[in-house]
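Step one of this worksheet: look at the structure below.
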Amino acid sequence: MECMMLAEEQTKVLEDSFTKVTRHPDGTTLMLIAAECGLSEEDTQKWFKLRNAQWRKAEGLPSELGSVLD
């Protein structure tokens with residue numbers, strides 16, 4: 001995550017969305033989160049992918065999504 005060089009406020013919005021809204025945002029939700037952070041949808045999607053891998057690793061799960069949603 002450090003490689004994305006996000007501002008503290010951007011990270012806070014992304015983390016809040018991850019923990020309080022969804023770990024797998026749909027297109028509309030992703031667009032709204034990206035707009036709130038001032039990031040592109042692609043960067044926001046990349047952040048969620050990296051953050052999901054980090055979460056799964058912390059939970060002792062494979063870093064890639066398996067056959068069921070976490």
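In the structure tokens, the first chain shown is A, the next is B, and so on; residue numbers restart at 1 for each chain, and ligands run from 1 in the order shown.
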*Determine, counting only C-alpha atoms, which protein, DNA and RNA residues have an atom within 10 Å of an atom of stretch 38-45 of chain A; residues of the same chain fewer than 6 positions away are not included. Present the result as a VMD selection string.*
chain A and resid 4 6 10 14 24 to 27 30 to 32 51
Let's have the selection written as a PDB file, in the first residue's frame, with N, CA, C and O atoms.
```pdb
ATOM      1  N   MET A   4       1.629   3.307  -3.208  1.00  0.00           N
ATOM      2  CA  MET A   4       0.663   4.172  -3.889  1.00  0.00           C
ATOM      3  C   MET A   4       0.800   5.636  -3.487  1.00  0.00           C
ATOM      4  O   MET A   4       0.265   6.507  -4.154  1.00  0.00           O
ATOM      5  N   LEU A   6      -0.388   7.673  -0.956  1.00  0.00           N
ATOM      6  CA  LEU A   6      -1.647   8.356  -0.732  1.00  0.00           C
ATOM      7  C   LEU A   6      -1.542   9.319   0.435  1.00  0.00           C
ATOM      8  O   LEU A   6      -0.776   9.094   1.370  1.00  0.00           O
ATOM      9  N   GLN A  10      -6.882  10.479   2.163  1.00  0.00           N
ATOM     10  CA  GLN A  10      -7.288   9.483   1.171  1.00  0.00           C
ATOM     11  C   GLN A  10      -7.284   8.091   1.787  1.00  0.00           C
ATOM     12  O   GLN A  10      -8.221   7.303   1.601  1.00  0.00           O
ATOM     13  N   LEU A  14     -10.468   5.502   2.256  1.00  0.00           N
ATOM     14  CA  LEU A  14     -10.409   4.144   1.705  1.00  0.00           C
ATOM     15  C   LEU A  14     -10.569   3.086   2.800  1.00  0.00           C
ATOM     16  O   LEU A  14     -11.329   2.125   2.643  1.00  0.00           O
ATOM     17  N   HIS A  24     -15.567  -5.402  -1.365  1.00  0.00           N
ATOM     18  CA  HIS A  24     -15.678  -5.647  -2.805  1.00  0.00           C
ATOM     19  C   HIS A  24     -16.678  -4.672  -3.418  1.00  0.00           C
ATOM     20  O   HIS A  24     -17.820  -5.037  -3.694  1.00  0.00           O
ATOM     21  N   PRO A  25     -16.273  -3.410  -3.624  1.00  0.00           N
ATOM     22  CA  PRO A  25     -17.217  -2.415  -4.141  1.00  0.00           C
ATOM     23  C   PRO A  25     -17.626  -2.689  -5.585  1.00  0.00           C
ATOM     24  O   PRO A  25     -16.811  -3.109  -6.408  1.00  0.00           O
ATOM     25  N   ASP A  26     -18.913  -2.460  -5.868  1.00  0.00           N
ATOM     26  CA  ASP A  26     -19.380  -2.571  -7.250  1.00  0.00           C
ATOM     27  C   ASP A  26     -18.971  -1.305  -8.004  1.00  0.00           C
ATOM     28  O   ASP A  26     -18.356  -0.406  -7.430  1.00  0.00           O
ATOM     29  N   GLY A  27     -19.300  -1.235  -9.273  1.00  0.00           N
ATOM     30  CA  GLY A  27     -18.863  -0.112 -10.108  1.00  0.00           C
ATOM     31  C   GLY A  27     -19.288   1.249  -9.601  1.00  0.00           C
ATOM     32  O   GLY A  27     -18.494   2.194  -9.579  1.00  0.00           O
ATOM     33  N   LEU A  30     -17.493   2.034  -6.268  1.00  0.00           N
ATOM     34  CA  LEU A  30     -16.094   2.315  -6.573  1.00  0.00           C
ATOM     35  C   LEU A  30     -15.943   3.738  -7.116  1.00  0.00           C
ATOM     36  O   LEU A  30     -15.053   4.475  -6.706  1.00  0.00           O
ATOM     37  N   MET A  31     -16.856   4.128  -8.002  1.00  0.00           N
ATOM     38  CA  MET A  31     -16.822   5.464  -8.580  1.00  0.00           C
ATOM     39  C   MET A  31     -17.006   6.534  -7.493  1.00  0.00           C
ATOM     40  O   MET A  31     -16.298   7.541  -7.483  1.00  0.00           O
ATOM     41  N   LEU A  32     -17.942   6.305  -6.582  1.00  0.00           N
ATOM     42  CA  LEU A  32     -18.190   7.268  -5.509  1.00  0.00           C
ATOM     43  C   LEU A  32     -17.006   7.375  -4.556  1.00  0.00           C
ATOM     44  O   LEU A  32     -16.623   8.481  -4.146  1.00  0.00           O
ATOM     45  N   ARG A  51      -5.499  -4.199  -0.723  1.00  0.00           N
ATOM     46  CA  ARG A  51      -5.987  -4.235   0.654  1.00  0.00           C
ATOM     47  C   ARG A  51      -6.685  -5.556   0.953  1.00  0.00           C
ATOM     48  O   ARG A  51      -6.557  -6.112   2.049  1.00  0.00           O
TER      49      ARG A  51
END
```
*When distances are computed from only C-alpha atoms, which of A:Leu61, A:Ala53, A:Thr11, A:Phe48 shows the smallest separation from A:Thr29?*
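Of the candidates, the smallest distance to A:Thr29 is held by A:Phe48.
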*atom CA of A:Lys46 to atom CA of A:Thr19, straight-line distance in Å*: 16.5 Å
*asked:* To one decimal place in Å, what is the distance between atom CA of A:Ala34 and atom CA of A:Lys20?
replied: 15.8 Å
*Interatomic distance between atom CA of A:Lys49 and atom CA of A:Glu8?*
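Atom-to-atom, atom CA of A:Lys49 and atom CA of A:Glu8 are spaced 19.0 Å apart.
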*Check chain A with DSSP on the backbone and list each residue it calls helix (DSSP H, G or I), as a ChimeraX atom specification.*
/A:2-4,8-21,27-37,41-58
Keeping C-alpha atoms for every residue in the selection just given, could you write it to a file as a PDB file, in the first residue's frame?
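After the write, selection_37.pdb holds the following:
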```
ATOM      1  CA  GLU A   2       2.883   2.335   0.712  1.00  0.00           C
ATOM      2  CA  CYS A   3       3.810   2.214  -2.976  1.00  0.00           C
ATOM      3  CA  MET A   4       0.663   4.172  -3.889  1.00  0.00           C
ATOM      4  CA  GLU A   8      -3.540  10.552   5.039  1.00  0.00           C
ATOM      5  CA  GLU A   9      -7.098  11.693   4.288  1.00  0.00           C
ATOM      6  CA  GLN A  10      -7.288   9.483   1.171  1.00  0.00           C
ATOM      7  CA  THR A  11      -6.118   6.476   3.175  1.00  0.00           C
ATOM      8  CA  LYS A  12      -8.687   7.228   5.886  1.00  0.00           C
ATOM      9  CA  VAL A  13     -11.551   7.366   3.373  1.00  0.00           C
ATOM     10  CA  LEU A  14     -10.409   4.144   1.705  1.00  0.00           C
ATOM     11  CA  GLU A  15      -9.967   2.298   5.020  1.00  0.00           C
ATOM     12  CA  ASP A  16     -13.357   3.497   6.269  1.00  0.00           C
ATOM     13  CA  SER A  17     -14.979   2.296   3.060  1.00  0.00           C
ATOM     14  CA  PHE A  18     -13.190  -1.053   3.330  1.00  0.00           C
ATOM     15  CA  THR A  19     -14.225  -1.675   6.937  1.00  0.00           C
ATOM     16  CA  LYS A  20     -17.661  -0.036   7.056  1.00  0.00           C
ATOM     17  CA  VAL A  21     -19.056  -0.332   3.533  1.00  0.00           C
ATOM     18  CA  GLY A  27     -18.863  -0.112 -10.108  1.00  0.00           C
ATOM     19  CA  THR A  28     -21.057   2.642  -8.698  1.00  0.00           C
ATOM     20  CA  THR A  29     -19.636   2.373  -5.186  1.00  0.00           C
ATOM     21  CA  LEU A  30     -16.094   2.315  -6.573  1.00  0.00           C
ATOM     22  CA  MET A  31     -16.822   5.464  -8.580  1.00  0.00           C
ATOM     23  CA  LEU A  32     -18.190   7.268  -5.509  1.00  0.00           C
ATOM     24  CA  ILE A  33     -15.235   6.255  -3.330  1.00  0.00           C
ATOM     25  CA  ALA A  34     -12.796   7.323  -6.053  1.00  0.00           C
ATOM     26  CA  ALA A  35     -14.509  10.717  -6.362  1.00  0.00           C
ATOM     27  CA  GLU A  36     -14.439  11.233  -2.595  1.00  0.00           C
ATOM     28  CA  CYS A  37     -10.709  10.415  -2.492  1.00  0.00           C
ATOM     29  CA  GLU A  41     -11.333   4.460 -10.428  1.00  0.00           C
ATOM     30  CA  GLU A  42      -8.371   2.344 -11.556  1.00  0.00           C
ATOM     31  CA  ASP A  43      -6.216   3.472  -8.615  1.00  0.00           C
ATOM     32  CA  THR A  44      -9.104   2.928  -6.215  1.00  0.00           C
ATOM     33  CA  GLN A  45      -9.703  -0.560  -7.591  1.00  0.00           C
ATOM     34  CA  LYS A  46      -5.977  -1.307  -7.308  1.00  0.00           C
ATOM     35  CA  TRP A  47      -6.016  -0.160  -3.664  1.00  0.00           C
ATOM     36  CA  PHE A  48      -8.964  -2.460  -2.873  1.00  0.00           C
ATOM     37  CA  LYS A  49      -7.241  -5.389  -4.575  1.00  0.00           C
ATOM     38  CA  LEU A  50      -4.049  -4.836  -2.554  1.00  0.00           C
ATOM     39  CA  ARG A  51      -5.987  -4.235   0.654  1.00  0.00           C
ATOM     40  CA  ASN A  52      -8.047  -7.416   0.155  1.00  0.00           C
ATOM     41  CA  ALA A  53      -4.858  -9.432  -0.339  1.00  0.00           C
ATOM     42  CA  GLN A  54      -3.443  -7.883   2.858  1.00  0.00           C
ATOM     43  CA  TRP A  55      -6.657  -8.678   4.759  1.00  0.00           C
ATOM     44  CA  ARG A  56      -6.751 -12.265   3.497  1.00  0.00           C
ATOM     45  CA  LYS A  57      -3.108 -12.795   4.475  1.00  0.00           C
ATOM     46  CA  ALA A  58      -3.825 -11.469   7.976  1.00  0.00           C
TER      47      ALA A  58
END
```
